[in-house]
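Next comes upload.txt, with compact mmCIF, C-alpha atoms.
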# COMPACT_ATOMS: atom_id res chain seq x y z
CA MET A 1 -2.50 -28.12 -4.46
CA ASP A 2 -3.28 -29.11 -0.91
CA THR A 3 -6.42 -30.26 0.77
CA THR A 4 -7.03 -26.85 2.35
CA GLN A 5 -7.52 -25.34 -1.06
CA LEU A 6 -9.88 -28.07 -2.18
CA LEU A 7 -11.82 -27.78 1.06
CA LYS A 8 -12.72 -24.17 0.40
CA GLY A 9 -14.90 -25.20 -2.48
CA VAL A 10 -16.62 -28.13 -0.88
CA LEU A 11 -16.85 -27.32 2.82
CA ASP A 12 -20.47 -26.23 2.39
CA LEU A 13 -21.32 -29.57 0.92
CA ALA A 14 -19.33 -31.44 3.56
CA VAL A 15 -21.10 -29.61 6.39
CA LEU A 16 -24.51 -30.21 4.84
CA ALA A 17 -23.60 -33.87 4.36
CA VAL A 18 -22.63 -34.49 8.00
CA LEU A 19 -25.85 -32.80 9.10
CA ARG A 20 -27.99 -35.01 6.89
CA GLU A 21 -28.00 -37.94 9.30
CA GLU A 22 -28.02 -36.10 12.56
CA ASP A 23 -28.17 -32.56 13.94
CA GLY A 24 -25.01 -31.27 15.52
CA TYR A 25 -23.40 -28.37 17.33
CA GLY A 26 -20.27 -26.59 16.14
CA TYR A 27 -17.55 -28.61 17.74
CA ASP A 28 -19.43 -31.83 17.11
CA ILE A 29 -19.66 -31.07 13.42
CA LEU A 30 -15.94 -30.32 13.31
CA ARG A 31 -15.19 -33.60 14.98
CA ARG A 32 -17.39 -35.54 12.58
CA LEU A 33 -15.68 -33.91 9.59
CA ARG A 34 -12.27 -34.79 10.98
CA GLU A 35 -13.33 -38.33 11.75
CA ALA A 36 -14.57 -38.66 8.18
CA GLY A 37 -11.06 -37.81 6.98
CA LEU A 38 -11.06 -34.04 6.54
CA GLU A 39 -8.33 -33.55 9.08
CA GLU A 40 -7.16 -30.17 7.87
CA VAL A 41 -10.51 -28.48 8.43
CA GLY A 42 -10.27 -25.65 10.93
CA ASP A 43 -12.68 -24.65 13.65
CA ALA A 44 -13.10 -21.15 12.28
CA SER A 45 -13.90 -22.53 8.83
CA VAL A 46 -16.65 -24.73 10.19
CA TYR A 47 -18.02 -22.00 12.41
CA GLY A 48 -17.95 -19.51 9.54
CA THR A 49 -19.57 -21.97 7.17
CA LEU A 50 -22.32 -22.69 9.67
CA ARG A 51 -22.96 -18.96 10.10
CA ARG A 52 -23.14 -18.52 6.35
CA LEU A 53 -25.42 -21.49 5.68
CA PHE A 54 -27.64 -20.30 8.51
CA ALA A 55 -27.76 -16.79 7.07
CA ALA A 56 -28.62 -18.32 3.67
CA GLY A 57 -31.62 -20.02 5.23
CA LEU A 58 -30.40 -23.58 4.77
CA LEU A 59 -30.10 -24.40 8.48
CA THR A 60 -32.22 -23.98 11.56
CA THR A 61 -30.83 -23.82 15.08
CA TYR A 62 -31.97 -24.72 18.53
CA VAL A 63 -30.23 -24.55 21.88
CA VAL A 64 -29.86 -27.61 24.11
CA PRO A 65 -28.94 -26.95 27.73
CA SER A 66 -26.28 -29.17 29.15
CA GLU A 67 -25.80 -30.12 32.75
CA SER A 68 -22.10 -30.68 32.59
CA GLY A 69 -21.00 -27.70 30.53
CA PRO A 70 -22.24 -24.76 28.49
CA HIS A 71 -25.46 -25.02 26.55
CA ARG A 72 -25.02 -26.05 22.93
CA LYS A 73 -26.40 -24.59 19.75
CA TYR A 74 -27.52 -27.35 17.45
CA TYR A 75 -27.81 -26.94 13.72
CA SER A 76 -30.17 -28.98 11.59
CA LEU A 77 -30.96 -29.12 7.89
CA ASN A 78 -34.28 -27.62 6.84
CA ALA A 79 -36.06 -28.31 3.55
CA ALA A 80 -34.01 -25.73 1.67
CA GLY A 81 -30.84 -27.24 3.13
CA ARG A 82 -31.79 -30.74 2.00
CA ASP A 83 -32.62 -29.42 -1.41
CA GLN A 84 -29.26 -27.67 -1.60
CA LEU A 85 -27.50 -30.81 -0.44
CA THR A 86 -29.14 -32.85 -3.22
CA ARG A 87 -28.22 -30.33 -5.90
CA SER A 88 -24.68 -29.72 -4.70
CA GLY A 89 -24.20 -33.48 -4.27
CA LYS A 90 -25.16 -34.12 -7.88
CA LEU A 91 -22.89 -31.34 -9.05
CA TRP A 92 -20.03 -32.74 -7.02
CA ARG A 93 -20.55 -36.26 -8.36
CA SER A 94 -20.50 -35.16 -11.96
CA PHE A 95 -17.46 -32.98 -11.27
CA ALA A 96 -15.66 -35.81 -9.52
CA THR A 97 -16.49 -38.20 -12.35
CA THR A 98 -15.08 -35.72 -14.84
CA MET A 99 -11.91 -35.33 -12.82
CA ASP A 100 -11.59 -39.09 -12.42
CA SER A 101 -11.90 -39.79 -16.11
CA LEU A 102 -9.52 -36.91 -16.87
CA LEU A 103 -6.91 -38.33 -14.54
CA ASP A 104 -7.46 -41.86 -15.93
CA ASP A 105 -7.01 -40.66 -19.49
CA ARG A 106 -3.86 -38.89 -18.59
CA GLY A 107 -2.65 -41.94 -16.73
CA LEU A 108 -3.24 -44.19 -19.72
CA ALA A 109 -1.60 -41.76 -22.09
CA ALA A 110 1.49 -41.46 -19.97
CA MET B 111 -12.16 -26.77 32.58
CA THR B 112 -8.94 -24.97 31.77
CA VAL B 113 -10.47 -22.14 29.83
CA THR B 114 -11.97 -19.24 31.72
CA GLU B 115 -14.78 -16.92 30.78
CA GLN B 116 -12.24 -14.13 30.68
CA GLU B 117 -10.11 -15.98 28.17
CA ILE B 118 -13.12 -16.50 25.92
CA THR B 119 -14.09 -12.84 26.20
CA ASP B 120 -10.56 -11.76 25.33
CA TYR B 121 -10.38 -14.15 22.41
CA VAL B 122 -13.71 -12.93 21.02
CA ALA B 123 -12.62 -9.32 21.46
CA ARG B 124 -9.48 -9.91 19.44
CA VAL B 125 -11.40 -11.73 16.70
CA ARG B 126 -13.85 -8.85 16.54
CA ALA B 127 -10.98 -6.40 16.39
CA ALA B 128 -9.52 -8.29 13.44
CA LEU B 129 -12.90 -8.01 11.71
CA ALA B 130 -13.24 -4.30 12.49
CA ASP B 131 -13.28 -3.33 8.82
CA LEU B 132 -16.54 -5.19 8.17
CA PRO B 133 -19.85 -3.36 8.46
CA PRO B 134 -20.92 -3.60 12.12
CA ALA B 135 -24.03 -5.63 11.31
CA ARG B 136 -22.02 -8.16 9.34
CA ARG B 137 -19.45 -8.43 12.09
CA ASP B 138 -22.10 -8.95 14.75
CA GLU B 139 -23.76 -11.59 12.61
CA LEU B 140 -20.45 -13.47 12.35
CA THR B 141 -19.44 -13.20 15.99
CA GLU B 142 -22.69 -13.16 17.97
CA ASP B 143 -22.48 -16.91 18.51
CA LEU B 144 -18.74 -16.99 18.96
CA PRO B 145 -18.65 -16.87 22.80
CA ASP B 146 -21.04 -19.81 22.97
CA HIS B 147 -19.15 -21.67 20.33
CA LEU B 148 -15.83 -21.11 22.08
CA ALA B 149 -17.38 -22.28 25.31
CA GLU B 150 -18.31 -25.51 23.55
CA VAL B 151 -14.78 -25.84 22.20
CA ALA B 152 -13.35 -25.16 25.64
CA ALA B 153 -15.59 -27.81 27.15
CA GLU B 154 -14.46 -30.41 24.62
CA ALA B 155 -10.75 -29.78 24.42
CA HIS B 156 -7.78 -29.30 26.62
CA GLY B 157 -5.33 -26.47 26.68
CA THR B 158 -5.92 -22.78 26.15
CA LEU B 159 -8.00 -21.44 23.33
CA VAL B 160 -4.90 -20.15 21.53
CA GLU B 161 -3.38 -23.62 21.76
CA ARG B 162 -6.55 -25.17 20.39
CA LEU B 163 -7.51 -22.66 17.77
CA GLY B 164 -4.45 -20.58 17.01
CA GLU B 165 -4.13 -16.84 17.30
CA PRO B 166 -7.43 -14.92 17.22
CA GLU B 167 -6.27 -12.97 14.17
CA ALA B 168 -5.68 -16.18 12.20
CA TYR B 169 -9.04 -17.48 13.44
CA ALA B 170 -10.68 -14.27 12.22
CA ALA B 171 -9.06 -14.59 8.80
CA GLU B 172 -10.27 -18.18 8.45
CA LEU B 173 -13.73 -17.23 9.68
CA ARG B 174 -13.85 -14.36 7.23
CA ALA B 175 -12.95 -16.63 4.32
CA ALA B 176 -15.36 -19.38 5.33
CA ALA B 177 -18.24 -17.00 5.90
CA GLY B 178 -17.73 -15.40 2.51
CA ALA B 179 -17.03 -11.96 3.95
CA PRO B 180 -14.76 -9.68 1.97
CA ALA B 181 -11.10 -9.98 2.80
CA SER B 182 -9.65 -7.63 5.37
CA GLY B 183 -9.87 -4.06 4.15
CA ARG B 184 -7.12 -2.91 6.41
CA ASN B 185 -4.34 -2.58 3.92
CA LEU B 186 -4.48 -0.26 0.98
CA ASP B 187 -4.60 -2.98 -1.66
CA GLN B 188 -7.75 -4.41 -0.25
CA ARG B 189 -9.37 -1.06 0.30
CA VAL B 190 -8.65 -0.25 -3.35
CA ALA B 191 -10.06 -3.62 -4.36
CA ALA B 192 -13.24 -2.90 -2.41
CA ALA B 193 -13.52 0.49 -4.10
CA VAL B 194 -13.05 -1.18 -7.47
CA VAL B 195 -15.85 -3.60 -6.69
CA ARG B 196 -18.14 -0.71 -5.73
CA ALA B 197 -17.19 1.20 -8.88
CA ARG B 198 -17.88 -1.89 -10.98
CA GLY B 199 -21.30 -2.20 -9.42
CA ARG B 200 -22.06 1.40 -10.28
CA LEU B 201 -20.74 0.95 -13.81
CA ARG B 202 -22.95 -2.07 -14.25
CA THR B 203 -25.97 0.00 -13.26
CA ILE B 204 -25.03 2.70 -15.76
CA ASP B 205 -24.38 -0.01 -18.33
CA THR B 206 -27.88 -1.44 -18.08
CA ARG B 207 -29.48 2.02 -17.97
CA LEU B 208 -27.70 3.23 -21.09
CA GLY B 209 -28.44 0.08 -23.03
CA PRO B 210 -32.08 0.60 -24.02
CA PRO B 211 -31.60 4.11 -25.50
CA LEU B 212 -28.92 2.59 -27.74
CA GLY B 213 -31.23 -0.23 -28.73
CA TYR B 214 -29.42 -2.93 -26.81
CA GLU B 215 -29.89 -4.65 -23.51
CA THR B 216 -26.76 -3.04 -22.09
CA ALA B 217 -24.38 -0.42 -23.36
CA SER B 218 -21.54 -2.94 -23.24
CA ASP B 219 -23.47 -5.15 -25.69
CA PHE B 220 -23.35 -2.26 -28.08
CA LEU B 221 -19.70 -1.46 -27.38
CA ARG B 222 -18.73 -5.09 -27.85
CA LEU B 223 -19.94 -4.85 -31.44
CA LEU B 224 -17.50 -1.99 -31.99
CA ARG B 225 -14.48 -3.95 -30.83
CA PRO B 226 -13.26 -5.09 -34.28
CA GLY B 227 -13.41 -1.43 -35.29
CA TRP B 228 -11.18 -0.57 -32.39
CA TRP B 229 -8.74 -3.31 -33.40
CA VAL B 230 -8.41 -1.78 -36.85
CA LEU B 231 -8.01 1.71 -35.41
CA ARG B 232 -5.41 0.40 -32.96
CA GLY B 233 -3.36 -1.07 -35.79
CA TYR B 234 -3.50 2.23 -37.65
CA LEU B 235 -2.54 4.22 -34.56
CA ALA B 236 0.41 1.91 -33.89
CA ALA B 237 1.60 2.43 -37.47
CA MET B 238 1.26 6.18 -37.08
CA LEU B 239 3.19 6.08 -33.82
CA VAL B 240 6.05 4.30 -35.58
CA THR B 241 5.76 6.91 -38.34
CA VAL B 242 6.22 9.73 -35.87
CA ILE B 243 9.15 7.98 -34.21
CA THR B 244 10.98 7.13 -37.42
CA THR B 245 10.38 10.37 -39.28
CA GLY B 246 11.09 12.63 -36.36
CA GLY B 247 7.79 14.18 -35.55
CA SER B 248 6.31 15.25 -38.86
CA PHE B 249 3.50 13.20 -40.28
CA GLY B 250 0.42 13.33 -42.39
CA LEU B 251 -2.47 10.90 -42.51
CA LEU B 252 -0.68 7.94 -44.06
CA PRO B 253 1.97 5.95 -42.23
CA ARG B 254 5.53 6.13 -43.41
CA PHE B 255 8.47 4.11 -42.26
CA GLY B 256 11.52 6.36 -42.17
CA GLY B 257 9.82 8.60 -44.71
CA GLU B 258 9.02 5.73 -47.09
CA LEU B 259 5.34 5.55 -47.95
CA LEU B 260 5.43 2.03 -49.38
CA ALA B 261 7.22 0.63 -46.35
CA GLY B 262 4.74 2.52 -44.22
CA LEU B 263 1.78 0.94 -45.99
CA ILE B 264 3.28 -2.52 -45.63
CA MET B 265 3.82 -1.79 -41.95
CA LEU B 266 0.21 -0.60 -41.68
CA GLY B 267 -1.04 -3.86 -43.18
CA GLY B 268 1.08 -5.88 -40.78
CA PHE B 269 -0.06 -3.87 -37.78
CA LEU B 270 -3.73 -4.17 -38.76
CA LEU B 271 -3.49 -7.94 -39.03
CA ALA B 272 -1.51 -8.19 -35.79
CA SER B 273 -3.96 -5.97 -33.93
CA ILE B 274 -6.93 -8.03 -35.10
CA TRP B 275 -5.12 -11.24 -34.26
CA ILE B 276 -4.35 -9.99 -30.78
CA GLY B 277 -7.87 -8.67 -30.36
CA ARG B 278 -9.40 -12.05 -31.10
CA ARG B 279 -7.12 -13.67 -28.55
CA SER B 280 -7.04 -11.02 -25.85
CA THR B 281 -9.49 -12.90 -23.65
CA ARG B 282 -7.11 -15.83 -23.52
CA LEU B 283 -4.09 -13.77 -22.53
CA ARG B 284 -2.62 -14.19 -19.10
CA ARG B 285 -2.55 -11.40 -16.63
CA TRP B 286 0.70 -9.63 -17.48
CA PRO B 287 0.39 -9.76 -21.27
CA ARG B 288 -3.11 -8.41 -20.87
CA TRP B 289 -1.89 -5.58 -18.68
CA ALA B 290 0.79 -4.80 -21.25
CA LEU B 291 -1.86 -4.76 -23.97
CA HIS B 292 -4.05 -2.36 -21.98
CA ALA B 293 -1.09 -0.10 -21.24
CA GLY B 294 -0.17 -0.05 -24.92
CA SER B 295 -3.74 0.83 -25.83
CA VAL B 296 -3.71 3.72 -23.38
CA VAL B 297 -0.46 4.99 -24.93
CA LEU B 298 -2.03 4.82 -28.39
CA VAL B 299 -5.16 6.65 -27.28
CA VAL B 300 -3.07 9.42 -25.70
CA PHE B 301 -0.95 9.60 -28.84
CA ALA B 302 -4.04 9.75 -31.03
CA PHE B 303 -5.45 12.57 -28.97
CA ALA B 304 -2.19 14.53 -29.11
CA ALA B 305 -1.97 13.99 -32.88
CA LEU B 306 -5.55 15.16 -33.36
CA VAL B 307 -4.87 18.31 -31.36
CA GLN B 308 -1.78 19.01 -33.47
CA ALA B 309 -3.62 18.36 -36.73
CA GLU B 310 -6.43 20.61 -35.58
CA ASP B 311 -3.94 23.39 -34.86
CA ARG B 312 -2.33 23.02 -38.25
CA MET B 313 -5.65 23.17 -40.03
CA ARG B 314 -6.82 26.17 -38.09
CA TYR B 315 -3.72 28.13 -39.07
CA ASP B 316 -4.21 27.02 -42.63
CA ASP B 317 -0.62 26.16 -43.41
CA TYR B 318 -1.65 22.56 -43.68
CA SER B 319 -0.61 22.31 -47.32
CA TYR B 320 2.78 23.87 -47.04
CA GLY B 321 4.77 20.84 -46.45
CA PRO B 322 6.27 18.64 -43.92
CA THR B 323 8.55 20.93 -41.99
CA ALA B 324 6.97 23.40 -39.70
CA VAL B 325 8.73 26.72 -39.80
CA ASP B 326 8.69 29.48 -37.31
CA SER B 327 6.38 32.31 -37.92
CA GLN B 328 9.31 34.65 -38.51
CA TYR B 329 9.60 33.12 -41.99
CA GLU B 330 5.97 33.61 -42.80
CA GLN B 331 6.63 36.55 -45.11
CA VAL B 332 9.28 34.64 -47.07
CA ARG B 333 7.92 33.83 -50.50
CA ASP B 334 11.06 32.62 -52.24
CA VAL B 335 14.63 31.70 -51.41
CA PHE B 336 17.66 32.87 -53.38
CA VAL B 337 20.97 31.16 -52.78
CA TYR B 338 24.19 32.88 -53.87
CA ASP B 339 27.52 31.18 -54.04
CA SER B 340 30.76 32.68 -52.86
CA GLU B 341 31.10 34.47 -56.16
CA GLY B 342 27.83 36.21 -55.70
CA ARG B 343 26.22 34.13 -58.40
CA LEU B 344 22.67 33.01 -58.07
CA VAL B 345 22.51 29.27 -57.45
CA GLU B 346 19.64 27.71 -59.32
CA ASN B 347 17.85 24.48 -58.49
CA ALA B 348 18.99 24.66 -54.92
CA ARG B 349 17.43 22.49 -52.29
CA LEU B 350 17.41 22.97 -48.56
CA PHE B 351 17.27 20.20 -46.00
CA ASP B 352 17.18 20.11 -42.27
CA GLN B 353 19.26 17.86 -40.03
CA ASN B 354 16.80 14.99 -40.49
CA GLY B 355 17.00 15.12 -44.25
CA ASP B 356 13.54 16.59 -44.46
CA PRO B 357 13.16 19.25 -47.10
CA ILE B 358 12.79 22.75 -45.77
CA ARG B 359 9.92 24.44 -47.48
CA LEU B 360 9.79 28.17 -47.44
CA GLY B 361 7.44 30.28 -49.45
CA TYR B 362 5.53 28.95 -52.39
CA PRO B 363 5.79 29.26 -56.16
CA ASP B 364 3.61 32.14 -57.18
CA CYS B 365 5.04 32.77 -60.60
CA ALA B 366 4.26 30.74 -63.66
CA ASP B 367 7.12 28.38 -64.11
CA PRO B 368 7.64 26.69 -67.44
CA ALA B 369 10.38 24.58 -65.91
CA ASP B 370 8.09 22.86 -63.47
CA ILE B 371 9.39 19.49 -64.55
CA TYR B 372 8.48 17.70 -61.39
CA GLY B 373 4.83 18.48 -61.51
CA LYS B 374 4.85 18.89 -57.80
CA PRO B 375 5.14 22.52 -56.93
CA LEU B 376 6.35 21.77 -53.46
CA LEU B 377 9.27 19.72 -54.71
CA ARG B 378 10.51 22.51 -56.90
CA PRO B 379 13.98 23.69 -56.08
CA TYR B 380 14.81 27.21 -55.09
CA PRO B 381 14.44 29.77 -56.32
CA TYR B 382 10.93 29.33 -57.52
CA CYS B 383 11.14 32.46 -59.59
CA PRO B 384 14.74 33.20 -60.63
CA ASP B 385 13.51 36.30 -62.47
CA GLN B 386 12.73 37.94 -59.22
CA ALA B 387 16.22 37.56 -57.80
CA PRO B 388 16.99 40.57 -55.66
CA PHE B 389 20.52 40.85 -57.03
CA GLY B 390 21.30 40.78 -60.68
CA PRO B 391 23.74 38.33 -62.18
CA ARG B 392 27.27 39.42 -62.74
CA ALA B 393 28.26 39.33 -66.37
CA PRO B 394 30.90 36.68 -66.90
CA GLY B 395 34.39 38.00 -67.44
CA VAL B 396 33.64 41.44 -66.19
CA PRO B 397 36.22 42.22 -63.61
CA VAL B 398 35.04 43.62 -60.45
CA PRO B 399 35.83 47.24 -60.61
CA PRO B 400 38.30 48.50 -58.14
CA ALA B 401 36.99 50.39 -55.29
CA ALA B 402 36.88 54.08 -55.62
CA PRO B 403 39.58 55.61 -53.57
CA THR B 404 37.07 57.56 -51.64
CA THR B 405 35.27 54.45 -50.63
CA ALA B 406 36.27 53.17 -47.31
CA PRO B 407 36.87 49.45 -47.03
CA THR B 408 33.68 47.72 -46.23
CA THR B 409 33.10 45.08 -43.73
CA SER B 410 31.40 42.92 -46.24
CA PRO B 411 31.39 39.33 -44.98
CA GLU B 412 31.28 37.96 -48.48
CA PRO B 413 34.68 36.85 -49.74
CA THR B 414 35.38 37.81 -53.29
CA THR B 415 38.17 37.20 -55.70
CA THR B 416 38.89 40.84 -55.77
CA PRO B 417 42.08 41.47 -53.87
CA GLU B 418 41.01 44.74 -52.41
CA PRO B 419 37.84 45.65 -50.65
CA THR B 420 35.04 46.33 -53.03
CA THR B 421 31.63 47.74 -53.09
CA THR B 422 30.30 44.57 -54.56
CA PRO B 423 26.84 44.10 -53.21
CA VAL B 424 26.52 40.78 -51.63
CA PRO B 425 23.52 38.94 -50.35
CA THR B 426 24.25 39.52 -46.76
CA GLY B 427 20.72 38.71 -45.92
CA THR B 428 19.67 42.28 -46.09
CA ALA B 429 17.47 41.78 -49.06
CA THR B 430 15.99 45.18 -48.56
CA GLY B 431 18.89 46.25 -50.69
CA GLN B 432 19.01 48.35 -53.67
CA PRO B 433 18.64 45.91 -56.49
CA THR B 434 19.97 48.38 -58.98
CA VAL B 435 23.33 48.41 -57.33
CA GLY B 436 24.91 45.36 -58.86
CA PRO B 437 28.36 44.38 -59.78
CA THR B 438 27.80 46.07 -63.12
CA ALA B 439 27.19 49.40 -61.58
CA THR B 440 29.88 51.89 -62.11
CA PRO B 441 31.99 52.33 -59.13
CA SER B 442 31.12 55.43 -57.39
CA GLY B 443 31.05 56.90 -54.05
CA VAL B 444 27.56 55.78 -53.38
CA PRO B 445 27.12 54.22 -50.05
CA SER B 446 28.12 50.65 -50.12
CA PRO B 447 25.30 48.10 -49.87
CA SER B 448 26.70 46.91 -46.65
CA ALA B 449 25.73 50.21 -45.25
CA THR B 450 22.13 49.49 -45.96
CA GLY B 451 22.06 46.67 -43.52
Can you turn what I pasted into structure tokens?
Amino acid sequence: MDTTQLLKGVLDLAVLAVLREEDGYGYDILRRLREAGLEEVGDASVYGTLRRLFAAGLLTTYVVPSESGPHRKYYSLNAAGRDQLTRSGKLWRSFATTMDSLLDDRGLAA
Amino acid sequence: MTVTEQEITDYVARVRAALADLPPARRDELTEDLPDHLAEVAAEAHGTLVERLGEPEAYAAELRAAAGAPASGRNLDQRVAAAVVRARGRLRTIDTRLGPPLGYETASDFLRLLRPGWWVLRGYLAAMLVTVITTGGSFGLLPRFGGELLAGLIMLGGFLLASIWIGRRSTRLRRWPRWALHAGSVVLVVFAFAALVQAEDRMRYDDYSYGPTAVDSQYEQVRDVFVYDSEGRLVENARLFDQNGDPIRLGYPDCADPADIYGKPLLRPYPYCPDQAPFGPRAPGVPVPPAAPTTAPTTSPEPTTTPEPTTTPVPTGTATGQPTVGPTATPSGVPSPSATG
């Protein structure tokens, strides 16, 4: 099992989480995820996830013109997105706790 | 900036090409922002887009997975999978529509209740399949193992229990065992259908009760079988078997038989009615009369103890014969029975 596989399940949550503090555009979000430690995450995965979350009505977008380069499309969490983040976050925590205790039990038994 | 507009356009075109199997609206939804996004990427990073992001086809595959779009339908497997998904959707609709008339929420709720019944039937069918294999094609309603009813019933019990056991655990089976189970079930259903068709044929022609060996219709008019030994003597209590050891049943006992010691008319040996033998018995000790000089040697295939050719009537299979012409008949110039053939 590698991180790429694990990421598939939780990339939604990760993207929502990095948008909780601050809005971001595609490449910025990718960079924040990588800085947080998810180094394997690919650009297409983030872009695709953003498109999907947007289509699901969890994100809103706005365009910010830039003097130095192309204009940027910023994504921000809306109410539904925050709600989803809370629910998915709880689910993840309970799942992670279960996995932790499972691994601890196995470790003790071994 | 090392990335040109043209490079972005080309990259987007190749990504869109790799997503060509998606519905156009879905593809547009996924890629409408892609030029802008790639422009952002190009502004942030160095090197060409392919160096930064990999080949467009790989990018498209990753995008497809992340966006939750169905996997590429380009190869046959995936097209089949998509068709299966569509068919499942349609089946689900039918399932929920058929449910209420049956008194259940869905038809599958109803069918699920019948599953233990299918397990029992499956065990029975498996036992019958073994019956057909071990007894060489002839079978009734009860399983037999190599012709043995008791062994067949024990086998039936074992198969029933095994089928139920497997049925209760089928949801936990891995992929290949489950496939094997489904394939076996299909074989049994086909076998059951074939067996039903055969049984139906047998019942329609009404020779259902005449025993285990099917005989060709050319023997339909045979009512009894008379076996003669090389001496021309009627053999009593004869039994006929085919190459599998199955009794050959011809005719049926239609005369009252006091010697029906077996109680099963169909197990009675031949002939059923010795009184009706087409050729009379030869009196013991009576020598076969010599052939009349005027009688030409016959081509009788039956060997006799008589040194010279005789007119002894023999059961050459031409049972049309003249029953009055027996070994006791006075030799005469009457045509030899072989001439009646």
Skip A:Ser68 itself and residues of its chain fewer than 2 positions away, then list as a list in words all residues within 12 Å of it, counting all atoms listed in the file.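 Once the nearby chain positions are removed, what remains is Val64, Pro65, Ser66, Pro70, His71 and Arg72 of chain A; Met111, Glu150, Ala153 and Glu154 of chain B.
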In terms of the shortest atom-to-atom distance over all atoms listed in the file, which of B:Glu115, B:Glu139, B:Asp120, B:Glu346 is closest to chain A?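 Closest residue, counting all atoms listed in the file: B:Glu139.
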Env of stretch 272-288 of chain B: 7 Å cut, atoms = all atoms listed in the file, seq-sep filter 5 positions within chain, self excluded. Answer as a PDB file with C-alpha atoms, in the frame of the given file.
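File written: out_35.pdb
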ATOM      1  CA  TRP B 229      -8.740  -3.310 -33.400  1.00  0.00           C
ATOM      2  CA  VAL B 230      -8.410  -1.780 -36.850  1.00  0.00           C
ATOM      3  CA  ARG B 232      -5.410   0.400 -32.960  1.00  0.00           C
ATOM      4  CA  GLY B 233      -3.360  -1.070 -35.790  1.00  0.00           C
TER       5      GLY B 233
END
With 6 Å as the cut-off and only C-alpha atoms counted, what is the closest atom pair between each nearby residue of chain A and chain B? Distances in Å to one decimal, ordered by chain and number, as a Markdown table.
| residue | atom | partner | partner_atom | distance |
| --- | --- | --- | --- | --- |
| A:Tyr27 | CA | B:Val151 | CA | 5.9 |
| A:Ala44 | CA | B:Leu173 | CA | 4.7 |
| A:Ser45 | CA | B:Ala176 | CA | 4.9 |
| A:Gly48 | CA | B:Ala177 | CA | 4.4 |
| A:Thr49 | CA | B:Ala176 | CA | 5.3 |
| A:Arg52 | CA | B:Ala177 | CA | 5.2 |
Any idea what's packed within 6 Å of A:Tyr25, counting all atoms listed in the file, ignoring anything in its chain fewer than 6 positions away? Could you give it as a VMD selection string? chain A and resid 73 to 75
Could you please determine the separation between atom CA of A:Leu85 and atom CA of A:Leu16 in Å, to one decimal place?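 So the two atoms, atom CA of A:Leu85 and atom CA of A:Leu16, lie 6.1 Å apart.
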Can you work out the spacing between atom CA of A:Leu50 and atom CA of B:Ala193 in Å, to one decimal?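 Going from atom CA of A:Leu50 over to atom CA of B:Ala193, I get 28.4 Å.
Each of A:Thr60, A:Met99, A:Ser88, A:Glu40 was checked against A:Thr4 using all atoms listed in the file; the smallest atom-to-atom distance is that of A:Glu40.
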N, CA and C atoms restored at stretch 232-242 of chain B, emitted as a PDB file, in the frame of the given file:
ATOM      1  N   ARG B 232      -6.622   0.597 -33.762  1.00  0.00           N
ATOM      2  CA  ARG B 232      -5.410   0.400 -32.960  1.00  0.00           C
ATOM      3  C   ARG B 232      -4.222   0.094 -33.852  1.00  0.00           C
ATOM      4  N   GLY B 233      -4.445  -0.757 -34.863  1.00  0.00           N
ATOM      5  CA  GLY B 233      -3.360  -1.070 -35.790  1.00  0.00           C
ATOM      6  C   GLY B 233      -2.891   0.179 -36.523  1.00  0.00           C
ATOM      7  N   TYR B 234      -3.852   1.000 -36.955  1.00  0.00           N
ATOM      8  CA  TYR B 234      -3.500   2.230 -37.650  1.00  0.00           C
ATOM      9  C   TYR B 234      -2.722   3.167 -36.728  1.00  0.00           C
ATOM     10  N   LEU B 235      -3.197   3.306 -35.495  1.00  0.00           N
ATOM     11  CA  LEU B 235      -2.540   4.220 -34.560  1.00  0.00           C
ATOM     12  C   LEU B 235      -1.109   3.745 -34.270  1.00  0.00           C
ATOM     13  N   ALA B 236      -0.928   2.426 -34.138  1.00  0.00           N
ATOM     14  CA  ALA B 236       0.410   1.910 -33.890  1.00  0.00           C
ATOM     15  C   ALA B 236       1.324   2.251 -35.067  1.00  0.00           C
ATOM     16  N   ALA B 237       0.796   2.098 -36.292  1.00  0.00           N
ATOM     17  CA  ALA B 237       1.600   2.430 -37.470  1.00  0.00           C
ATOM     18  C   ALA B 237       1.940   3.913 -37.485  1.00  0.00           C
ATOM     19  N   MET B 238       0.985   4.749 -37.086  1.00  0.00           N
ATOM     20  CA  MET B 238       1.260   6.180 -37.080  1.00  0.00           C
ATOM     21  C   MET B 238       2.273   6.540 -35.991  1.00  0.00           C
ATOM     22  N   LEU B 239       2.216   5.816 -34.876  1.00  0.00           N
ATOM     23  CA  LEU B 239       3.190   6.080 -33.820  1.00  0.00           C
ATOM     24  C   LEU B 239       4.598   5.771 -34.316  1.00  0.00           C
ATOM     25  N   VAL B 240       4.738   4.638 -35.010  1.00  0.00           N
ATOM     26  CA  VAL B 240       6.050   4.300 -35.580  1.00  0.00           C
ATOM     27  C   VAL B 240       6.447   5.364 -36.596  1.00  0.00           C
ATOM     28  N   THR B 241       5.472   5.849 -37.366  1.00  0.00           N
ATOM     29  CA  THR B 241       5.760   6.910 -38.340  1.00  0.00           C
ATOM     30  C   THR B 241       6.374   8.120 -37.642  1.00  0.00           C
ATOM     31  N   VAL B 242       5.739   8.537 -36.576  1.00  0.00           N
ATOM     32  CA  VAL B 242       6.220   9.730 -35.870  1.00  0.00           C
ATOM     33  C   VAL B 242       7.620   9.480 -35.318  1.00  0.00           C
TER      34      VAL B 242
END
